[in-house]
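Engineer: One file is attached below, query-v2.tsv, containing TSV, C-alpha atoms and all ligand atoms.
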```tsv
chain	number	residue	atom	x	y	z
A	1	MET	CA	102.61	111.59	89.14
A	2	LEU	CA	99.21	113.26	89.01
A	3	ARG	CA	97.77	114.86	85.92
A	4	CYS	CA	94.92	117.31	85.60
A	5	LEU	CA	91.80	115.67	84.18
A	6	SER	CA	90.82	118.65	82.04
A	7	CYS	CA	94.11	120.09	80.71
A	8	ASN	CA	96.42	117.14	81.37
A	9	GLY	CA	98.90	119.40	83.13
A	10	ILE	CA	101.30	117.96	85.68
A	11	LEU	CA	100.22	118.48	89.31
A	12	GLN	CA	101.96	118.38	92.65
A	13	LYS	CA	100.44	115.97	95.17
A	14	SER	CA	99.75	118.86	97.56
A	15	GLU	CA	97.84	120.89	94.97
A	16	THR	CA	94.07	120.92	95.23
A	17	VAL	CA	93.45	123.21	92.25
A	18	CYS	CA	95.18	123.05	88.87
A	19	TYR	CA	97.32	126.16	88.44
A	20	SER	CA	97.01	126.23	84.67
A	21	CYS	CA	93.26	125.78	84.20
A	22	GLY	CA	91.82	126.15	87.70
A	23	GLU	CA	90.20	122.69	87.72
A	24	LYS	CA	89.59	121.33	91.21
A	25	ILE	CA	91.49	118.15	91.94
A	26	ASP	CA	89.13	115.94	93.88
A	27	GLY	CA	88.92	112.87	91.71
A	28	ALA	CA	90.81	109.61	91.77
A	29	ALA	CA	93.68	110.54	94.09
A	30	LYS	CA	91.54	111.64	97.04
A	31	ALA	CA	88.97	108.88	96.64
A	32	LYS	CA	91.81	106.38	96.70
A	33	SER	CA	93.24	107.78	99.94
A	34	LYS	CA	89.80	107.64	101.57
A	35	GLY	CA	89.44	104.03	100.50
A	36	SER	CA	92.78	103.08	101.98
A	37	PHE	CA	91.93	104.98	105.16
A	38	TYR	CA	88.77	102.89	105.43
A	39	SER	CA	90.65	99.63	105.01
A	40	VAL	CA	93.27	100.67	107.58
A	41	ALA	CA	90.52	101.63	110.06
A	42	ALA	CA	88.70	98.36	109.43
A	43	MET	CA	91.91	96.34	109.78
A	44	LEU	CA	92.83	98.05	113.07
A	45	PHE	CA	89.29	97.47	114.34
A	46	TYR	CA	89.44	93.73	113.65
A	47	ILE	CA	92.93	93.46	115.18
A	48	SER	CA	91.70	95.26	118.29
A	49	LEU	CA	88.58	93.11	118.40
A	50	GLY	CA	90.75	90.01	118.17
A	51	ALA	CA	93.01	91.27	120.96
A	52	THR	CA	89.95	91.95	123.13
A	53	GLY	CA	88.70	88.43	122.49
A	54	LEU	CA	92.13	87.05	123.40
A	55	SER	CA	92.29	88.96	126.66
A	56	ILE	CA	88.74	87.96	127.63
A	57	PHE	CA	88.97	84.27	126.85
A	58	THR	CA	92.66	83.54	127.33
A	59	LYS	CA	95.61	84.66	129.43
A	60	PHE	CA	97.30	86.01	126.32
A	61	GLY	CA	96.92	89.38	124.70
A	62	PRO	CA	97.08	92.93	126.05
A	63	PRO	CA	95.11	93.97	129.18
A	64	LEU	CA	91.35	94.28	128.81
A	65	ALA	CA	91.45	97.88	130.13
A	66	VAL	CA	93.47	98.79	127.03
A	67	CYS	CA	91.61	96.64	124.49
A	68	VAL	CA	88.04	97.67	125.23
A	69	PRO	CA	88.49	101.47	124.89
A	70	ALA	CA	90.67	100.97	121.81
A	71	THR	CA	88.05	98.73	120.20
A	72	ILE	CA	85.26	101.21	120.95
A	73	VAL	CA	87.25	104.12	119.50
A	74	LEU	CA	88.18	102.12	116.41
A	75	MET	CA	84.55	101.04	116.00
A	76	PHE	CA	83.54	104.72	115.79
A	77	VAL	CA	86.39	105.47	113.37
A	78	LYS	CA	85.43	102.52	111.21
A	79	SER	CA	81.72	103.38	111.18
A	80	SER	CA	82.40	107.02	110.28
A	81	ALA	CA	84.76	105.91	107.52
A	82	ASP	CA	82.02	103.52	106.40
A	83	GLN	CA	79.58	106.43	106.27
A	84	VAL	CA	81.96	108.48	104.14
A	85	LYS	CA	82.41	105.56	101.79
A	86	LYS	CA	78.62	105.08	101.45
A	87	ASN	CA	78.09	108.78	100.77
A	88	GLN	CA	80.65	108.73	97.99
A	89	THR	CA	79.04	105.97	95.96
B	101	ZN	ZN	94.29	121.76	84.46
```
I'd like the structure from this file rewritten - as structure tokens, please.
Ligand SMILES: [Zn+2]

Structural biologist:
Amino acid sequence: MLRCLSCNGILQKSETVCYSCGEKIDGAAKAKSKGSFYSVAAMLFYISLGATGLSIFTKFGPPLAVCVPATIVLMFVKSSADQVKKNQT
């Protein structure tokens, strides 16, 4: 359950502004979700990179034509998430 930082009122997860005092809710909850998004993006990137390595050097793993575009896309997602994370701190 979320609570407003200024009036300690109970908030719904979907609310972005406290209805009792008007305080904007952009603190801990959103920062946390961005952090987890970054770790998911990073994790997917490393998995995809590993799969690409597997398909290049071994007979195992998914086809290279699938791995390479996926890795490139995930690299962009990861780097943009990285940028957001840097800007926050
Ligand atoms: Zn409030």

Engineer: Residues contacting ligand ZN 101 (chain B) - anything with an atom at most 8 Å away, using all atoms listed in the file - can you give me those as a list of chain:residue names?

Structural biologist: A:Arg3, A:Cys4, A:Leu5, A:Ser6, A:Cys7, A:Asn8, A:Gly9, A:Val17, A:Cys18, A:Tyr19, A:Ser20, A:Cys21, A:Gly22, A:Glu23

Engineer: Find the residues near Leu44 of chain A: any atom within 12 Å, counting only C-alpha atoms, skip ones fewer than 6 places away on the same chain, and give them as a count of residues only.

Structural biologist: 14

Engineer: Using all atoms listed in the file, find the one residue out of A:Ser39, A:Leu64, A:Leu2, A:Asp82 that sits nearest to Thr52 of chain A.

Structural biologist: A:Leu64

Engineer: Smallest atom-to-atom distance to Ala42 of chain A: which of A:Thr16, A:Ser79, A:Met1, A:Val84, using only C-alpha atoms?

Structural biologist: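 Between A:Thr16, A:Ser79, A:Met1, A:Val84, the residue approaching Ala42 of chain A most closely is A:Ser79.
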
Engineer: So what do you get for atom CA of Ser55 of chain A versus atom CA of Met43 of chain A, distance-wise?

Structural biologist: 18.4 Å

Engineer: Using all atoms listed in the file, pick whichever of A:Ser48, A:Ser36, A:Asn87, A:Gln12 has the shortest atom-to-atom distance to Val68 of chain A.

Structural biologist: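 Between A:Ser48, A:Ser36, A:Asn87, A:Gln12, the residue approaching Val68 of chain A most closely is A:Ser48.
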
Engineer: Suppose you want the space between atom CA of Lys86 of chain A and atom CA of Gly53 of chain A; what is it in Å?

Structural biologist: 28.7 Å

Engineer: Record the distance separating atom CA of Ala41 of chain A and atom CA of Lys24 of chain A, expressed in Å with one decimal.

Structural biologist: 27.3 Å
